[in-house]
Amino acid sequence: MKVVLLSGSNVGSKTRTAMNYLHKIMNDKHSDVEITLVDLAEFEMVFSDGRNYLEYEGDTKFVLETIMAADAIIIGTPTFQASIPATLKNIFDLLPVNAFRDKVVSMLVTAGTAKHYLMVEQQLKPILAYMKAHIVPTYVFIEEKDFYRKEIVNDDVHFRMDRLAEDTVLLVNAYKSIQEMKDEEYGF
Amino acid sequence: MEKYRIDTTKGLEFGLYSIGDHLINPHTGSGISAEQRIQEIIEASKLAEEAGLDVFAVGESHQTHFTTQAHTVILGAIAQATKTIKIASSATVLSVSDPVRVYEDFATLDLISKGRAEIVAGRGSRIGAYSLLGYDVQDYEELFEEKLELLMRLNDEEKVTWEGQFRAPLENAMILPQPQNGHLPIWRAVGGPPASAIKAGYAGVPMMLTTLGGPAINFKVAVDAYREAAQRNGFDSTALPIATTSLFYTAETTQEALREYYPHLDTGMQALRGGGYPKQQFAQSTDYRDALMVGSPQQIIEKLLYQYELYGQQRFMAQIDFGGVPFDKIMKNIELIATEILPAIKKYTVGK
């Protein structure tokens, strides 16, 4: 099973800090999973011009191919202007419309305050649903006060991240076995 | 329709086309050489002619997984190897070529084939040709519109004076040689969304519409938009031919067709577009209302007649060699088309 941890911002530290935690959880508790952490702050991405994702070059091609090869993607996103950052939206624009078909996508959100707690429901989930993702319904919301000097100091967040990792892996396995059953029925 | 060499009293035209993809046969995991692939395309054109099919076409894509970049050269070999079947491109990526050169090539093909050559001009859904041949993909839209306009004028006028953005101006230019009757059928290749269909209609250019899969009714929008745009701009839309194209695979039974074809479609799509063909969607495609031409000959007949009712098109083009389908299966497909599908299609569409 291949899981990509996608850190969706090219600035700031909260999302990356949370993704590092998640990375460690995956390594410790799901060691059979092949994990790739993609932090968009570390790549030179071009804007989408509508071409097929295989036809981009350099970092853009690498990031897109890595995402497309995954069984699950755990997206980490900050909250900018009541929405996701442009860097993350650009990833969605670069990918094909059905990019998340047969993939599980789960989410982790960071924010200054709880003011935009429902941003994921209203903005991120509709995009993922359109792109055919199997969405893990619950997400982890982490705000400024849960951090202290690039550490997450709220135990509740740790527990919730544990569950997010577990639910993601569980759902990949569940969909896989359902698909195998169905494929047998098709007979082609 | 006569201008486009189409005799509607003979019923729906049926043709084959190849985009020259060069992929592994997923059943065996082995591939063939580019030489063999090209030879087999030429061989298939002879079989198509013997089977009584109306058209054989070859297209160009300038990137990995393809072999027919020099499609006009292959069409030259096909022109020489055949006697009666119409030969066309599927498509010529006009945006990255000089329209003068394209016209010279196809006029020559028309003379070699004694009046059987046609141009299908497109923009290319893959963009490999742009960087390879020195064009900026940012000009995608304008490159094509300008070049198609020039190509149409080369076809209609004896001496052309022209000026544009992407090519040196022409001053009373005569294009030689001229095609057999001074005129070539030129089609605009159109993808799914209606925007490009509207442009074709607006210019009064015949439309080659790709209907690669999904509900056939969805493509009706493009057909209607095409005719409406033509009519609005003063063309008689009933005098403009429409052709549709689809991936195609038939076998004696539906189950056999599905079993044999799925790996080709799935791995072919994976290689060219980076995403496989969902089994759920493939299972639905046996329904006569789905545009993907897969199934038993009887199912294909039902699909085609349903689409004929829907679109009223003059030609259908089948892509039977996608995703590394081996030559013995290509031969089998041609045989089933000739013996079962074509007679039924002609019977229901002749004289309509």
# chains A, B, ... in the order shown; residues from 1 in each chain; ligands from 1
>>> closest_atom_pairs(of="chain A", to="chain B", cutoff="10 Å", atoms="only C-alpha atoms", output="Markdown table")
| residue | atom | partner | partner_atom | distance |
| --- | --- | --- | --- | --- |
| A:Asp49 | CA | B:Gln138 | CA | 8.4 |
| A:Arg51 | CA | B:Ile127 | CA | 7.5 |
| A:Asn52 | CA | B:Arg273 | CA | 6.7 |
| A:Tyr53 | CA | B:Gly274 | CA | 7.7 |
| A:Leu54 | CA | B:Gly274 | CA | 6.7 |
| A:Glu55 | CA | B:Ile127 | CA | 7.5 |
| A:Glu65 | CA | B:Gly274 | CA | 8.5 |
| A:Met68 | CA | B:Gly274 | CA | 7.9 |
| A:Ala69 | CA | B:Gly274 | CA | 9.3 |
| A:Pro96 | CA | B:Gly275 | CA | 8.7 |
| A:Asn98 | CA | B:Gly275 | CA | 8.4 |
| A:Ala99 | CA | B:Gly275 | CA | 7.7 |
| A:Arg101 | CA | B:Pro278 | CA | 8.6 |
| A:Asp102 | CA | B:Pro278 | CA | 9.1 |
| A:Gln179 | CA | B:Lys279 | CA | 9.6 |
| A:Lys182 | CA | B:Gln280 | CA | 9.0 |
| A:Asp183 | CA | B:Lys279 | CA | 7.5 |
| A:Tyr186 | CA | B:Ala283 | CA | 7.2 |
| A:Gly187 | CA | B:Arg259 | CA | 7.0 |
| A:Phe188 | CA | B:Arg259 | CA | 4.2 |
>>> select_by_dssp(residues="range 34-78 of chain A", states="strand (DSSP E or B)", output="PyMOL selection string")
chain A and resi 34-39+72-77
>>> select_by_dssp(residues="range 30-136 of chain A", states="helix (DSSP H, G or I)", output="count of residues only")
41
>>> residues_around(residues="Ala57 in chain B", least_positions_apart="4", cutoff="12 Å", atoms="only C-alpha atoms", output="MDAnalysis selection string")
chainID B and resid 14:20 41:42 44:45 48:49 53 68 71:72 74:76 78:79 85:92 116:120 245 316:320
>>> write_last_selection(atoms="C-alpha atoms", output="mmCIF file, in the first residue's frame")
data_model
loop_
_atom_site.group_PDB
_atom_site.id
_atom_site.type_symbol
_atom_site.label_atom_id
_atom_site.label_comp_id
_atom_site.auth_asym_id
_atom_site.auth_seq_id
_atom_site.Cartn_x
_atom_site.Cartn_y
_atom_site.Cartn_z
ATOM 1 C CA PHE B 14 -17.896 2.513 -42.246
ATOM 2 C CA GLY B 15 -14.167 3.059 -41.838
ATOM 3 C CA LEU B 16 -11.199 2.009 -39.729
ATOM 4 C CA TYR B 17 -8.585 4.262 -38.214
ATOM 5 C CA SER B 18 -5.379 3.957 -36.282
ATOM 6 C CA ILE B 19 -3.567 6.531 -34.181
ATOM 7 C CA GLY B 20 -0.480 4.349 -34.495
ATOM 8 C CA ILE B 41 -1.266 -1.049 -40.365
ATOM 9 C CA ILE B 42 -0.617 -1.133 -44.114
ATOM 10 C CA ALA B 44 -4.899 -3.921 -42.283
ATOM 11 C CA SER B 45 -5.775 -1.300 -44.902
ATOM 12 C CA ALA B 48 -10.318 -3.382 -44.879
ATOM 13 C CA GLU B 49 -10.589 -2.779 -48.622
ATOM 14 C CA LEU B 53 -15.096 -0.982 -45.877
ATOM 15 C CA THR B 68 2.957 6.832 -37.081
ATOM 16 C CA HIS B 71 1.465 9.431 -41.127
ATOM 17 C CA THR B 72 1.417 10.894 -44.630
ATOM 18 C CA ILE B 74 2.321 5.595 -44.370
ATOM 19 C CA LEU B 75 -0.792 6.865 -46.148
ATOM 20 C CA GLY B 76 1.335 6.993 -49.322
ATOM 21 C CA ILE B 78 -1.547 2.581 -48.268
ATOM 22 C CA ALA B 79 -2.554 4.572 -51.340
ATOM 23 C CA ILE B 85 -10.928 2.489 -50.238
ATOM 24 C CA LYS B 86 -10.840 6.161 -49.212
ATOM 25 C CA ILE B 87 -7.719 7.172 -47.291
ATOM 26 C CA ALA B 88 -7.586 9.870 -44.653
ATOM 27 C CA SER B 89 -5.674 11.164 -41.669
ATOM 28 C CA SER B 90 -6.965 10.618 -38.122
ATOM 29 C CA ALA B 91 -5.856 13.203 -37.435
ATOM 30 C CA THR B 92 -3.223 15.505 -38.944
ATOM 31 C CA ARG B 116 -9.288 8.938 -52.580
ATOM 32 C CA ALA B 117 -7.441 11.251 -50.154
ATOM 33 C CA GLU B 118 -8.992 13.304 -47.347
ATOM 34 C CA ILE B 119 -7.574 15.510 -44.601
ATOM 35 C CA VAL B 120 -8.825 15.352 -41.034
ATOM 36 C CA THR B 245 -15.337 7.813 -34.193
ATOM 37 C CA PHE B 316 -18.548 5.934 -38.619
ATOM 38 C CA MET B 317 -14.856 5.333 -37.948
ATOM 39 C CA ALA B 318 -13.690 2.450 -35.724
ATOM 40 C CA GLN B 319 -10.350 2.283 -33.920
ATOM 41 C CA ILE B 320 -9.747 -1.468 -33.675
#
>>> residues_around(residues="range 7-11 of chain B", least_positions_apart="2", cutoff="9 Å", atoms="only C-alpha atoms", output="JSON, numbers by chain")
{"B": [1, 2, 4, 5, 13, 314, 315, 345, 346, 347, 348, 349, 350, 351, 352]}
>>> write_last_selection(atoms="C-alpha atoms", output="PDB file, in the first residue's frame")
ATOM      1  CA  MET B   1     -22.377  15.858 -49.928  1.00  0.00           C
ATOM      2  CA  GLU B   2     -20.944  15.302 -53.407  1.00  0.00           C
ATOM      3  CA  TYR B   4     -17.090  15.657 -49.945  1.00  0.00           C
ATOM      4  CA  ARG B   5     -17.269  12.526 -52.123  1.00  0.00           C
ATOM      5  CA  GLU B  13     -20.003   4.778 -44.439  1.00  0.00           C
ATOM      6  CA  GLN B 314     -22.719   9.989 -42.730  1.00  0.00           C
ATOM      7  CA  ARG B 315     -19.703   8.031 -41.548  1.00  0.00           C
ATOM      8  CA  ILE B 345     -25.749  -1.470 -41.171  1.00  0.00           C
ATOM      9  CA  LYS B 346     -25.972  -0.955 -44.918  1.00  0.00           C
ATOM     10  CA  LYS B 347     -29.344  -2.718 -45.058  1.00  0.00           C
ATOM     11  CA  TYR B 348     -30.859  -0.279 -42.568  1.00  0.00           C
ATOM     12  CA  THR B 349     -29.197   2.897 -43.815  1.00  0.00           C
ATOM     13  CA  VAL B 350     -29.072   2.557 -47.629  1.00  0.00           C
ATOM     14  CA  GLY B 351     -31.302   5.059 -49.415  1.00  0.00           C
ATOM     15  CA  LYS B 352     -31.995   7.063 -46.258  1.00  0.00           C
TER      16      LYS B 352
END
>>> residues_around(residues="Tyr202 in chain B", least_positions_apart="3", cutoff="7 Å", atoms="only C-alpha atoms", output="list in words")
Ile198, Lys199, Ala229, Ala230 and Asn233 of chain B
>>> closest_residue(among="A:Phe43, A:Tyr148, A:Phe141, A:Phe159", to="Thr79 in chain A", atoms="only C-alpha atoms")
A:Phe141
>>> residues_around(residues="range 132-139 of chain A", least_positions_apart="2", cutoff="6 Å", atoms="only C-alpha atoms", output="list in words")
Asn98, Phe100, Arg101, Lys103, Val104, Val105, Ser106, Met107, Leu108, Leu128, Ala129 and Tyr130 of chain A
>>> closest_residue(among="B:Trp187, B:Tyr103, B:Tyr249, B:Tyr135", to="Thr286 in chain B", atoms="only C-alpha atoms")
B:Tyr249
